[in-house]
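In what follows, a single structure is set out as structure tokens and then discussed.
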Amino acid sequence: MGEGRSGIRFDRVSVAYGGNTVLDALELTVEPGEVLALLGPSGSGKTTALRAVAGFVRPAAGRVFIGERDVTDLPPHRRGIGMVVQQYALFPHLRVADNVAFGMRAQKVPKSEIPGRVTEALELTGMAAYAQRYPRELSGGQQQRVAIARALAIRPGVLLLDEPLSALDARLRSEMLAELARLHRELPDVSILYVTHDQVEALTLADRIAVMDKARLQDVGTPQELYRRPRTEFTASFVGGANLLPVRVGSGSVSLGDAELKVATDGVAAGASATLCVRPHRVGLGDGPNALSGTVAEVQWRGATHRLYVDVDGGQVKADLRELREPPTLGETVTVHFSPEDAVLLRAGVGDG
């Protein structure tokens with residue numbers, strides 16, 4: 001599957017509705033065979049970017065390329081893309097096989113080829129046994145698999161997924177994530193642009209993540225890069241959640257309130273204000289390097305972990321700890337700590353537009 005290897009390139013693409021810019025000069029490339037997740041809150045521009053690739057919105061400026069082709073002026077059906085949206089959009093009066101065949105008929109695929117390609121797409125998505133069912137006879141997860149099969153049946157070079165799992169419950173979403181990961185391994189030539197506001201989906205599926213906010217691209221990198229070394233406060237908080245503590249930079253250390261903490265200060269001038277980023281699961285309870293004393297403001301049990309919120313001089317520290325047999329009580333004084341290598345210093349103002 002996949003007619004050749006084709007990526008996607010946004011060349012300074014802007015989209016505006018009624019004078020309101022909803023996508024601002026996006027420059028981004030999805031490499032052939034790559035899964036790139038567009039991650040961001042509602043209104044960040046991520047769905048607009050996907051719709052610009054699909055041909056459903058017209059850029060006010062810039063060009064969209066699929067492979068080497070400038071597709072900016074082409075109608076959707078001539079762009080060679082498969083698309084899966086949140087609501088499945090299956091035809092209720094057509095059986096599964098006919099739903100999957102629909103796009104091929106629209107693309108004038110020879111009739112003799114269609115049955116074999118329907119079977120191939122249904123087998124890929126684990127739905128071959130359901131070919132003669134109607135959508136109403138399927139669960140939500142099964143309907144979404146059929147929608148994916150329909151998108152794959154046209155053998156697209158590019159697959160667009162717009163919040164494809166958000167209508168499913170948590171267990172089904174987890175199963176479908178595993179399915180999509182397997183599909184990607186079986187379709188190494190298909191470039192996938194995956195829009196989501198769910199960081200777990202992005203971290204699980206994507207080769208790279210592009211973080212969007214306020215119509216702009218804020219950050220792009222591998223999941224590990226964005227998680228371990230975020231460039232901006234927005235990335236740090238949106239990808240994985242983080243402690244973001246206001247600090248004053250010294251030489252090889254920073255001060256948080258009256259506490260001096262050892263962290264790498266590369267490239268940040270002494271005397272500057274900055275933000276210290278530490279992931280909650282990297283914070284330990286008890287004495288250790290970079291110890292901070294504070295008062296327990298909240299304790300949340302989360303099954304495998306407890307989350308502590310500890311008020312310290314200069315801020316609040318969140319700590320995710322393996323389930324504690326005897327968690328501290330509210331108001332209790334505790335010490336938390338983190339290793340210097342688990343902290344990242346974010347310069348103030350980076351990525352604010």
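We label chains A, B, ... in the order they appear in the structure tokens, count residues from 1 in each chain, and number ligands from 1 in the order shown.
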
Skip A:Pro115 itself and residues of its chain fewer than 4 positions away, then list as a PyMOL selection string all residues within 9 Å of it, counting only C-alpha atoms.
chain A and resi 97+101+111+119-120

Tell me which protein, DNA and RNA residues are within 8 Å of stretch 153-165 of chain A, counting only C-alpha atoms, leaving out same-chain ones fewer than 5 positions away, and put them as a PDB file with N, CA, C and O atoms, in the first residue's frame.
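Output below, filename out13.pdb:
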ATOM      1  N   MET A   1       0.842  -1.200   0.000  1.00  0.00           N
ATOM      2  CA  MET A   1       0.000   0.000   0.000  1.00  0.00           C
ATOM      3  C   MET A   1       0.873   1.246   0.000  1.00  0.00           C
ATOM      4  O   MET A   1       1.991   1.244   0.458  1.00  0.00           O
ATOM      5  N   GLY A   2       0.301   2.358  -0.486  1.00  0.00           N
ATOM      6  CA  GLY A   2       1.053   3.606  -0.541  1.00  0.00           C
ATOM      7  C   GLY A   2       1.661   3.758  -1.913  1.00  0.00           C
ATOM      8  O   GLY A   2       2.518   2.989  -2.331  1.00  0.00           O
ATOM      9  N   GLU A   3       1.179   4.726  -2.677  1.00  0.00           N
ATOM     10  CA  GLU A   3       1.674   4.925  -4.031  1.00  0.00           C
ATOM     11  C   GLU A   3       2.958   5.744  -3.963  1.00  0.00           C
ATOM     12  O   GLU A   3       2.936   6.966  -3.988  1.00  0.00           O
ATOM     13  N   GLY A   4       4.101   5.078  -3.854  1.00  0.00           N
ATOM     14  CA  GLY A   4       5.359   5.796  -3.714  1.00  0.00           C
ATOM     15  C   GLY A   4       5.475   6.405  -2.330  1.00  0.00           C
ATOM     16  O   GLY A   4       4.629   6.226  -1.478  1.00  0.00           O
ATOM     17  N   ARG A   5       6.570   7.111  -2.153  1.00  0.00           N
ATOM     18  CA  ARG A   5       6.814   7.738  -0.842  1.00  0.00           C
ATOM     19  C   ARG A   5       6.608   9.233  -0.987  1.00  0.00           C
ATOM     20  O   ARG A   5       7.305   9.883  -1.740  1.00  0.00           O
ATOM     21  N   SER A   6       5.635   9.764  -0.271  1.00  0.00           N
ATOM     22  CA  SER A   6       5.417  11.204  -0.373  1.00  0.00           C
ATOM     23  C   SER A   6       5.247  11.803   1.012  1.00  0.00           C
ATOM     24  O   SER A   6       4.518  11.271   1.846  1.00  0.00           O
ATOM     25  N   GLY A   7       5.962  12.884   1.243  1.00  0.00           N
ATOM     26  CA  GLY A   7       5.819  13.607   2.492  1.00  0.00           C
ATOM     27  C   GLY A   7       4.907  14.807   2.311  1.00  0.00           C
ATOM     28  O   GLY A   7       4.225  14.952   1.289  1.00  0.00           O
ATOM     29  N   ILE A   8       4.877  15.670   3.328  1.00  0.00           N
ATOM     30  CA  ILE A   8       4.057  16.887   3.301  1.00  0.00           C
ATOM     31  C   ILE A   8       4.978  18.052   3.654  1.00  0.00           C
ATOM     32  O   ILE A   8       5.818  17.939   4.547  1.00  0.00           O
ATOM     33  N   THR A  47      -5.860  21.645  13.679  1.00  0.00           N
ATOM     34  CA  THR A  47      -6.843  21.090  12.736  1.00  0.00           C
ATOM     35  C   THR A  47      -6.875  21.904  11.457  1.00  0.00           C
ATOM     36  O   THR A  47      -7.034  21.361  10.358  1.00  0.00           O
ATOM     37  N   LEU A  50      -4.157  20.632   9.217  1.00  0.00           N
ATOM     38  CA  LEU A  50      -4.541  19.367   8.578  1.00  0.00           C
ATOM     39  C   LEU A  50      -5.546  19.611   7.456  1.00  0.00           C
ATOM     40  O   LEU A  50      -5.439  19.029   6.374  1.00  0.00           O
ATOM     41  N   ALA A  54      -5.648  18.696   3.416  1.00  0.00           N
ATOM     42  CA  ALA A  54      -6.759  17.959   2.805  1.00  0.00           C
ATOM     43  C   ALA A  54      -7.403  18.738   1.654  1.00  0.00           C
ATOM     44  O   ALA A  54      -8.020  18.149   0.764  1.00  0.00           O
ATOM     45  N   ILE A  66       2.601  18.044  -1.395  1.00  0.00           N
ATOM     46  CA  ILE A  66       2.572  16.615  -1.070  1.00  0.00           C
ATOM     47  C   ILE A  66       3.575  15.956  -1.995  1.00  0.00           C
ATOM     48  O   ILE A  66       3.421  15.997  -3.221  1.00  0.00           O
ATOM     49  N   GLY A  80      -4.624  12.689  -3.481  1.00  0.00           N
ATOM     50  CA  GLY A  80      -4.063  11.376  -3.142  1.00  0.00           C
ATOM     51  C   GLY A  80      -3.891  11.151  -1.660  1.00  0.00           C
ATOM     52  O   GLY A  80      -2.924  10.534  -1.210  1.00  0.00           O
ATOM     53  N   ILE A  81      -4.849  11.658  -0.875  1.00  0.00           N
ATOM     54  CA  ILE A  81      -4.758  11.523   0.574  1.00  0.00           C
ATOM     55  C   ILE A  81      -5.891  10.652   1.102  1.00  0.00           C
ATOM     56  O   ILE A  81      -6.984  10.620   0.537  1.00  0.00           O
ATOM     57  N   GLY A  82      -5.620   9.954   2.202  1.00  0.00           N
ATOM     58  CA  GLY A  82      -6.673   9.290   2.962  1.00  0.00           C
ATOM     59  C   GLY A  82      -6.917  10.100   4.218  1.00  0.00           C
ATOM     60  O   GLY A  82      -5.978  10.675   4.773  1.00  0.00           O
ATOM     61  N   MET A  83      -8.169  10.155   4.675  1.00  0.00           N
ATOM     62  CA  MET A  83      -8.463  10.973   5.855  1.00  0.00           C
ATOM     63  C   MET A  83      -9.423  10.238   6.778  1.00  0.00           C
ATOM     64  O   MET A  83     -10.396   9.630   6.322  1.00  0.00           O
ATOM     65  N   VAL A  84      -9.130  10.299   8.078  1.00  0.00           N
ATOM     66  CA  VAL A  84      -9.988   9.701   9.101  1.00  0.00           C
ATOM     67  C   VAL A  84     -10.279  10.784  10.132  1.00  0.00           C
ATOM     68  O   VAL A  84      -9.356  11.404  10.656  1.00  0.00           O
ATOM     69  N   VAL A  85     -11.580  11.004  10.394  1.00  0.00           N
ATOM     70  CA  VAL A  85     -11.964  12.047  11.345  1.00  0.00           C
ATOM     71  C   VAL A  85     -12.596  11.415  12.582  1.00  0.00           C
ATOM     72  O   VAL A  85     -12.810  10.206  12.661  1.00  0.00           O
ATOM     73  N   GLN A  86     -12.893  12.270  13.533  1.00  0.00           N
ATOM     74  CA  GLN A  86     -13.400  11.825  14.837  1.00  0.00           C
ATOM     75  C   GLN A  86     -14.726  11.078  14.725  1.00  0.00           C
ATOM     76  O   GLN A  86     -14.979  10.120  15.431  1.00  0.00           O
ATOM     77  N   GLN A  87     -15.608  11.542  13.834  1.00  0.00           N
ATOM     78  CA  GLN A  87     -16.983  11.007  13.814  1.00  0.00           C
ATOM     79  C   GLN A  87     -17.173   9.814  12.871  1.00  0.00           C
ATOM     80  O   GLN A  87     -18.305   9.439  12.590  1.00  0.00           O
ATOM     81  N   TYR A  88     -16.085   9.270  12.357  1.00  0.00           N
ATOM     82  CA  TYR A  88     -16.103   8.086  11.466  1.00  0.00           C
ATOM     83  C   TYR A  88     -16.723   8.382  10.097  1.00  0.00           C
ATOM     84  O   TYR A  88     -16.202   8.004   9.084  1.00  0.00           O
ATOM     85  N   VAL A 100     -15.964   0.838   2.375  1.00  0.00           N
ATOM     86  CA  VAL A 100     -14.523   0.830   2.091  1.00  0.00           C
ATOM     87  C   VAL A 100     -14.260   1.062   0.597  1.00  0.00           C
ATOM     88  O   VAL A 100     -13.287   1.718   0.219  1.00  0.00           O
ATOM     89  N   ALA A 101     -15.168   0.566  -0.248  1.00  0.00           N
ATOM     90  CA  ALA A 101     -14.999   0.710  -1.704  1.00  0.00           C
ATOM     91  C   ALA A 101     -15.326   2.113  -2.195  1.00  0.00           C
ATOM     92  O   ALA A 101     -14.932   2.496  -3.304  1.00  0.00           O
ATOM     93  N   GLY A 103     -14.390   5.276  -1.730  1.00  0.00           N
ATOM     94  CA  GLY A 103     -13.361   6.192  -2.214  1.00  0.00           C
ATOM     95  C   GLY A 103     -12.722   5.727  -3.503  1.00  0.00           C
ATOM     96  O   GLY A 103     -12.365   6.540  -4.362  1.00  0.00           O
ATOM     97  N   MET A 104     -12.580   4.410  -3.657  1.00  0.00           N
ATOM     98  CA  MET A 104     -11.979   3.893  -4.887  1.00  0.00           C
ATOM     99  C   MET A 104     -12.891   4.140  -6.076  1.00  0.00           C
ATOM    100  O   MET A 104     -12.441   4.455  -7.175  1.00  0.00           O
ATOM    101  N   GLN A 107     -12.543   7.547  -7.178  1.00  0.00           N
ATOM    102  CA  GLN A 107     -11.259   7.770  -7.866  1.00  0.00           C
ATOM    103  C   GLN A 107     -11.145   6.968  -9.161  1.00  0.00           C
ATOM    104  O   GLN A 107     -10.076   6.914  -9.764  1.00  0.00           O
ATOM    105  N   ARG A 117      -8.853  -5.039  -3.190  1.00  0.00           N
ATOM    106  CA  ARG A 117      -8.329  -3.954  -2.362  1.00  0.00           C
ATOM    107  C   ARG A 117      -9.186  -3.731  -1.116  1.00  0.00           C
ATOM    108  O   ARG A 117      -8.669  -3.366  -0.059  1.00  0.00           O
ATOM    109  N   VAL A 118     -10.494  -3.955  -1.236  1.00  0.00           N
ATOM    110  CA  VAL A 118     -11.373  -3.891  -0.059  1.00  0.00           C
ATOM    111  C   VAL A 118     -10.944  -4.942   0.959  1.00  0.00           C
ATOM    112  O   VAL A 118     -10.776  -4.663   2.153  1.00  0.00           O
ATOM    113  N   GLU A 120      -8.050  -6.447   1.225  1.00  0.00           N
ATOM    114  CA  GLU A 120      -6.721  -6.111   1.739  1.00  0.00           C
ATOM    115  C   GLU A 120      -6.820  -5.067   2.866  1.00  0.00           C
ATOM    116  O   GLU A 120      -6.205  -5.225   3.929  1.00  0.00           O
ATOM    117  N   ALA A 121      -7.619  -4.018   2.644  1.00  0.00           N
ATOM    118  CA  ALA A 121      -7.741  -2.943   3.644  1.00  0.00           C
ATOM    119  C   ALA A 121      -8.438  -3.446   4.906  1.00  0.00           C
ATOM    120  O   ALA A 121      -8.062  -3.084   6.026  1.00  0.00           O
ATOM    121  N   GLN A 144     -14.494   2.797  13.681  1.00  0.00           N
ATOM    122  CA  GLN A 144     -13.291   3.575  13.397  1.00  0.00           C
ATOM    123  C   GLN A 144     -12.299   2.761  12.574  1.00  0.00           C
ATOM    124  O   GLN A 144     -11.628   3.291  11.691  1.00  0.00           O
ATOM    125  N   ARG A 173      -9.503   3.191  23.257  1.00  0.00           N
ATOM    126  CA  ARG A 173      -8.491   4.115  22.740  1.00  0.00           C
ATOM    127  C   ARG A 173      -7.115   3.470  22.836  1.00  0.00           C
ATOM    128  O   ARG A 173      -6.307   3.559  21.920  1.00  0.00           O
ATOM    129  N   MET A 176      -6.819   0.866  20.128  1.00  0.00           N
ATOM    130  CA  MET A 176      -6.671   1.461  18.807  1.00  0.00           C
ATOM    131  C   MET A 176      -5.294   2.092  18.636  1.00  0.00           C
ATOM    132  O   MET A 176      -4.741   2.094  17.535  1.00  0.00           O
ATOM    133  N   ASP A 189       5.721   3.300   3.983  1.00  0.00           N
ATOM    134  CA  ASP A 189       5.852   4.378   2.996  1.00  0.00           C
ATOM    135  C   ASP A 189       4.810   5.478   3.162  1.00  0.00           C
ATOM    136  O   ASP A 189       4.890   6.516   2.514  1.00  0.00           O
ATOM    137  N   VAL A 190       3.806   5.246   4.001  1.00  0.00           N
ATOM    138  CA  VAL A 190       2.715   6.218   4.141  1.00  0.00           C
ATOM    139  C   VAL A 190       3.105   7.269   5.186  1.00  0.00           C
ATOM    140  O   VAL A 190       3.461   6.939   6.312  1.00  0.00           O
ATOM    141  N   SER A 191       3.046   8.534   4.788  1.00  0.00           N
ATOM    142  CA  SER A 191       3.280   9.630   5.735  1.00  0.00           C
ATOM    143  C   SER A 191       1.976   9.913   6.470  1.00  0.00           C
ATOM    144  O   SER A 191       0.916  10.023   5.845  1.00  0.00           O
ATOM    145  N   ILE A 192       2.071  10.044   7.798  1.00  0.00           N
ATOM    146  CA  ILE A 192       0.862  10.241   8.606  1.00  0.00           C
ATOM    147  C   ILE A 192       0.958  11.558   9.362  1.00  0.00           C
ATOM    148  O   ILE A 192       1.942  11.800  10.076  1.00  0.00           O
ATOM    149  N   LEU A 193      -0.050  12.412   9.171  1.00  0.00           N
ATOM    150  CA  LEU A 193      -0.187  13.639   9.953  1.00  0.00           C
ATOM    151  C   LEU A 193      -1.349  13.405  10.910  1.00  0.00           C
ATOM    152  O   LEU A 193      -2.479  13.154  10.490  1.00  0.00           O
ATOM    153  N   TYR A 194      -1.044  13.465  12.207  1.00  0.00           N
ATOM    154  CA  TYR A 194      -1.981  13.024  13.246  1.00  0.00           C
ATOM    155  C   TYR A 194      -2.287  14.204  14.161  1.00  0.00           C
ATOM    156  O   TYR A 194      -1.407  14.680  14.882  1.00  0.00           O
ATOM    157  N   VAL A 195      -3.521  14.702  14.115  1.00  0.00           N
ATOM    158  CA  VAL A 195      -3.912  15.835  14.963  1.00  0.00           C
ATOM    159  C   VAL A 195      -4.514  15.316  16.268  1.00  0.00           C
ATOM    160  O   VAL A 195      -5.411  14.465  16.253  1.00  0.00           O
ATOM    161  N   THR A 196      -4.002  15.813  17.389  1.00  0.00           N
ATOM    162  CA  THR A 196      -4.540  15.387  18.684  1.00  0.00           C
ATOM    163  C   THR A 196      -4.272  16.456  19.741  1.00  0.00           C
ATOM    164  O   THR A 196      -3.337  17.248  19.611  1.00  0.00           O
ATOM    165  N   HIS A 197      -5.117  16.474  20.766  1.00  0.00           N
ATOM    166  CA  HIS A 197      -4.823  17.308  21.943  1.00  0.00           C
ATOM    167  C   HIS A 197      -4.343  16.414  23.089  1.00  0.00           C
ATOM    168  O   HIS A 197      -4.083  16.889  24.177  1.00  0.00           O
TER     169      HIS A 197
END

Write down as a CSV table (one decimal) with C-alpha atoms, in the first residue's frame the residues belonging to stretch 19-164 of chain A that are assigned helix (DSSP H, G or I) by DSSP computed on the backbone.
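Contents of selection.csv, freshly written:
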chain,number,residue,atom,x,y,z
A,46,LYS,CA,-3.6,22.2,14.4
A,47,THR,CA,-6.8,21.1,12.7
A,48,THR,CA,-6.6,24.1,10.4
A,49,ALA,CA,-3.2,22.9,9.3
A,50,LEU,CA,-4.5,19.4,8.6
A,51,ARG,CA,-7.5,20.8,6.7
A,52,ALA,CA,-5.1,22.9,4.5
A,53,VAL,CA,-3.4,19.6,3.5
A,54,ALA,CA,-6.8,18.0,2.8
A,76,PRO,CA,-9.4,17.4,-2.2
A,77,HIS,CA,-10.1,14.3,-4.4
A,78,ARG,CA,-7.0,15.0,-6.6
A,96,VAL,CA,-18.8,-2.3,5.5
A,97,ALA,CA,-17.4,-3.5,2.1
A,98,ASP,CA,-19.2,-0.8,0.2
A,99,ASN,CA,-18.1,1.9,2.6
A,100,VAL,CA,-14.5,0.8,2.1
A,101,ALA,CA,-15.0,0.7,-1.7
A,102,PHE,CA,-16.6,4.2,-1.8
A,103,GLY,CA,-13.4,6.2,-2.2
A,104,MET,CA,-12.0,3.9,-4.9
A,105,ARG,CA,-15.2,4.3,-7.0
A,106,ALA,CA,-14.9,8.0,-6.6
A,111,LYS,CA,-13.9,-2.3,-11.0
A,112,SER,CA,-12.0,-5.6,-11.2
A,113,GLU,CA,-9.4,-4.3,-8.7
A,114,ILE,CA,-11.9,-3.1,-6.1
A,115,PRO,CA,-12.9,-6.3,-4.3
A,116,GLY,CA,-9.3,-7.4,-3.7
A,117,ARG,CA,-8.3,-4.0,-2.4
A,118,VAL,CA,-11.4,-3.9,-0.1
A,119,THR,CA,-10.3,-7.3,1.4
A,120,GLU,CA,-6.7,-6.1,1.7
A,121,ALA,CA,-7.7,-2.9,3.6
A,122,LEU,CA,-10.2,-4.8,5.9
A,123,GLU,CA,-7.5,-7.5,6.7
A,124,LEU,CA,-5.0,-4.7,7.6
A,128,ALA,CA,-12.3,-8.8,7.2
A,129,ALA,CA,-15.0,-10.8,9.1
A,130,TYR,CA,-17.4,-7.8,9.2
A,135,PRO,CA,-22.3,0.4,10.5
A,136,ARG,CA,-25.1,0.3,13.1
A,137,GLU,CA,-24.1,-3.4,13.8
A,140,GLY,CA,-17.4,2.5,18.0
A,141,GLY,CA,-14.0,1.0,17.8
A,142,GLN,CA,-15.0,-1.3,14.9
A,143,GLN,CA,-16.5,1.7,13.0
A,144,GLN,CA,-13.3,3.6,13.4
A,145,ARG,CA,-11.4,0.6,12.0
A,146,VAL,CA,-13.6,0.6,9.0
A,147,ALA,CA,-13.1,4.3,8.5
A,148,ILE,CA,-9.3,3.7,8.6
A,149,ALA,CA,-9.7,0.8,6.1
A,150,ARG,CA,-11.7,3.1,3.8
A,151,ALA,CA,-8.9,5.7,4.0
A,152,LEU,CA,-6.2,3.1,3.3
A,153,ALA,CA,-8.1,1.4,0.4

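Put simply, atom CA of A:Asp342 is 20.5 Å away from atom CA of A:Ala270.
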
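When the distance limit is 6 Å and only C-alpha atoms are what count, the residues near stretch 237-247 of chain A, minus those fewer than 6 positions from it on the same chain, are Gln199, Ser255, Leu256, Ser273, Ala274, Thr275, Leu276, Cys277, Val278 and Arg279 of chain A.
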
Let's have the selection written as a compact mmCIF listing (two decimals), in the first residue's frame, with C-alpha atoms.
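Resulting contents of out_31.txt:
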# COMPACT_ATOMS: atom_id res chain seq x y z
CA GLN A 199 -0.24 13.99 24.78
CA SER A 255 18.13 30.27 43.52
CA LEU A 256 14.50 29.46 44.31
CA SER A 273 15.33 35.35 35.51
CA ALA A 274 14.49 31.89 34.17
CA THR A 275 12.16 28.96 34.72
CA LEU A 276 13.33 25.66 36.15
CA CYS A 277 11.58 22.63 34.62
CA VAL A 278 11.53 19.31 36.51
CA ARG A 279 9.20 16.43 35.70

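Going from atom CA of A:Pro188 over to atom CA of A:Pro41, you cover 28.8 Å.
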
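Between atom CA of A:Pro230 and atom CA of A:Val312 there is a distance of 23.5 Å.
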
Restricting to only C-alpha atoms, whichever of A:Val200, A:Ala215, A:Leu38, A:Ala272 is closest to A:Ala25 is A:Ala215

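Taking only C-alpha atoms, the non-local environment of stretch 322-327 of chain A within 10 Å (same-chain residues fewer than 2 positions away omitted) comprises A:His281, A:Gly284, A:Val299, A:Gln300, A:Trp301, A:Arg302, A:Gly303, A:Ala304, A:Thr305, A:His306, A:Arg307, A:Leu308, A:Ala319, A:Asp320, A:Thr329, A:Leu330.
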
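With only C-alpha atoms as the atoms that count, the minimum distance from A:Asp258 to the choices A:Gly315, A:Glu298, A:Ala210, A:Leu226 is reached by A:Gly315.
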
Who sits within 12 Å of A:Asp219, only C-alpha atoms, same chain under 6 positions skipped, as a short mmCIF file (atom, residue, chain, number, x, y, z; two decimals) with N, CA, C and O atoms, in the first residue's frame:
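And here's part04.cif as it stands now:
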data_model
loop_
_atom_site.label_atom_id
_atom_site.label_comp_id
_atom_site.auth_asym_id
_atom_site.auth_seq_id
_atom_site.Cartn_x
_atom_site.Cartn_y
_atom_site.Cartn_z
N LEU A 26 2.99 28.86 8.87
CA LEU A 26 3.50 27.55 9.31
C LEU A 26 4.54 27.03 8.32
O LEU A 26 4.28 26.90 7.13
N GLU A 27 5.73 26.75 8.85
CA GLU A 27 6.78 26.07 8.09
C GLU A 27 7.06 24.75 8.77
O GLU A 27 7.53 24.72 9.91
N LEU A 28 6.77 23.66 8.08
CA LEU A 28 6.90 22.34 8.70
C LEU A 28 6.95 21.28 7.60
O LEU A 28 6.24 21.40 6.59
N ALA A 37 2.85 14.13 14.77
CA ALA A 37 1.66 14.54 15.52
C ALA A 37 1.64 16.05 15.65
O ALA A 37 2.65 16.66 16.00
N LEU A 38 0.50 16.65 15.33
CA LEU A 38 0.26 18.06 15.61
C LEU A 38 -0.47 18.10 16.95
O LEU A 38 -1.61 17.65 17.05
N LEU A 39 0.20 18.60 17.97
CA LEU A 39 -0.33 18.56 19.34
C LEU A 39 -0.56 19.98 19.82
O LEU A 39 0.30 20.85 19.67
N GLY A 40 -1.71 20.21 20.43
CA GLY A 40 -1.97 21.53 20.98
C GLY A 40 -3.39 21.62 21.50
O GLY A 40 -4.22 20.74 21.24
N ARG A 208 7.84 12.30 15.40
CA ARG A 208 8.11 13.66 15.89
C ARG A 208 6.79 14.32 16.26
O ARG A 208 5.73 13.93 15.74
N ILE A 209 6.88 15.29 17.14
CA ILE A 209 5.70 16.05 17.57
C ILE A 209 5.92 17.52 17.26
O ILE A 209 6.99 18.07 17.56
N ALA A 210 4.92 18.14 16.63
CA ALA A 210 4.93 19.59 16.42
C ALA A 210 3.92 20.18 17.40
O ALA A 210 2.74 19.82 17.37
N VAL A 211 4.39 21.05 18.29
CA VAL A 211 3.54 21.63 19.33
C VAL A 211 3.01 22.97 18.83
O VAL A 211 3.79 23.85 18.44
N MET A 212 1.67 23.10 18.82
CA MET A 212 1.02 24.30 18.32
C MET A 212 0.36 25.06 19.47
O MET A 212 -0.17 24.45 20.40
N ASP A 213 0.38 26.38 19.37
CA ASP A 213 -0.38 27.22 20.30
C ASP A 213 -0.59 28.59 19.66
O ASP A 213 0.31 29.11 19.03
N GLU A 225 12.92 14.16 22.90
CA GLU A 225 13.51 15.51 22.97
C GLU A 225 12.58 16.48 23.67
O GLU A 225 12.99 17.24 24.55
N LEU A 226 11.31 16.47 23.26
CA LEU A 226 10.37 17.43 23.82
C LEU A 226 10.08 17.12 25.29
O LEU A 226 9.80 18.03 26.08
N TYR A 227 10.12 15.85 25.65
CA TYR A 227 9.83 15.47 27.03
C TYR A 227 11.03 15.76 27.94
O TYR A 227 10.88 16.32 29.02
N ARG A 229 14.02 17.54 27.11
CA ARG A 229 14.66 18.86 27.00
C ARG A 229 13.72 19.83 26.30
O ARG A 229 14.00 20.29 25.20
N PRO A 230 12.59 20.16 26.90
CA PRO A 230 11.68 21.10 26.23
C PRO A 230 12.36 22.46 26.06
O PRO A 230 13.21 22.85 26.85
N ARG A 231 11.95 23.16 25.00
CA ARG A 231 12.56 24.47 24.71
C ARG A 231 11.78 25.60 25.34
O ARG A 231 12.31 26.68 25.59
N THR A 232 10.49 25.39 25.52
CA THR A 232 9.62 26.47 26.00
C THR A 232 8.79 25.99 27.19
O THR A 232 8.56 24.78 27.37
N GLU A 233 8.30 26.95 27.96
CA GLU A 233 7.41 26.62 29.07
C GLU A 233 6.14 25.95 28.56
O GLU A 233 5.61 25.02 29.19
N PHE A 234 5.63 26.43 27.43
CA PHE A 234 4.40 25.84 26.90
C PHE A 234 4.61 24.36 26.57
O PHE A 234 3.79 23.51 26.93
N THR A 235 5.72 24.04 25.90
CA THR A 235 6.01 22.64 25.57
C THR A 235 6.15 21.81 26.85
O THR A 235 5.60 20.71 26.95
N ALA A 236 6.88 22.35 27.81
CA ALA A 236 7.11 21.61 29.07
C ALA A 236 5.80 21.28 29.76
O ALA A 236 5.62 20.18 30.28
N PHE A 238 2.69 21.28 28.31
CA PHE A 238 1.70 20.58 27.48
C PHE A 238 2.14 19.15 27.15
O PHE A 238 1.30 18.27 27.00
N VAL A 239 3.43 18.92 27.04
CA VAL A 239 3.93 17.57 26.75
C VAL A 239 4.42 16.96 28.05
O VAL A 239 5.54 17.18 28.48
N VAL A 350 11.26 32.63 25.81
CA VAL A 350 11.49 31.80 24.64
C VAL A 350 10.18 31.15 24.21
O VAL A 350 9.48 30.55 24.99
N GLY A 351 9.86 31.27 22.93
CA GLY A 351 8.67 30.61 22.39
C GLY A 351 7.38 31.31 22.69
O GLY A 351 6.32 30.75 22.49
N ASP A 352 7.41 32.57 23.13
CA ASP A 352 6.17 33.27 23.42
C ASP A 352 5.59 33.94 22.18
O ASP A 352 4.81 34.85 22.25
N GLY A 353 5.92 33.46 21.05
CA GLY A 353 5.41 34.03 19.83
C GLY A 353 6.56 34.55 19.03
O GLY A 353 6.50 34.88 17.94
#

Neighbouring residues of stretch 290-294 of chain A were defined as those with any atom within 12 Å, considering only C-alpha atoms; residues of the same chain fewer than 4 positions away were excluded. Please report them as a ChimeraX atom specification. /A:253-263,278,282-286,298,308-319,328,330-343
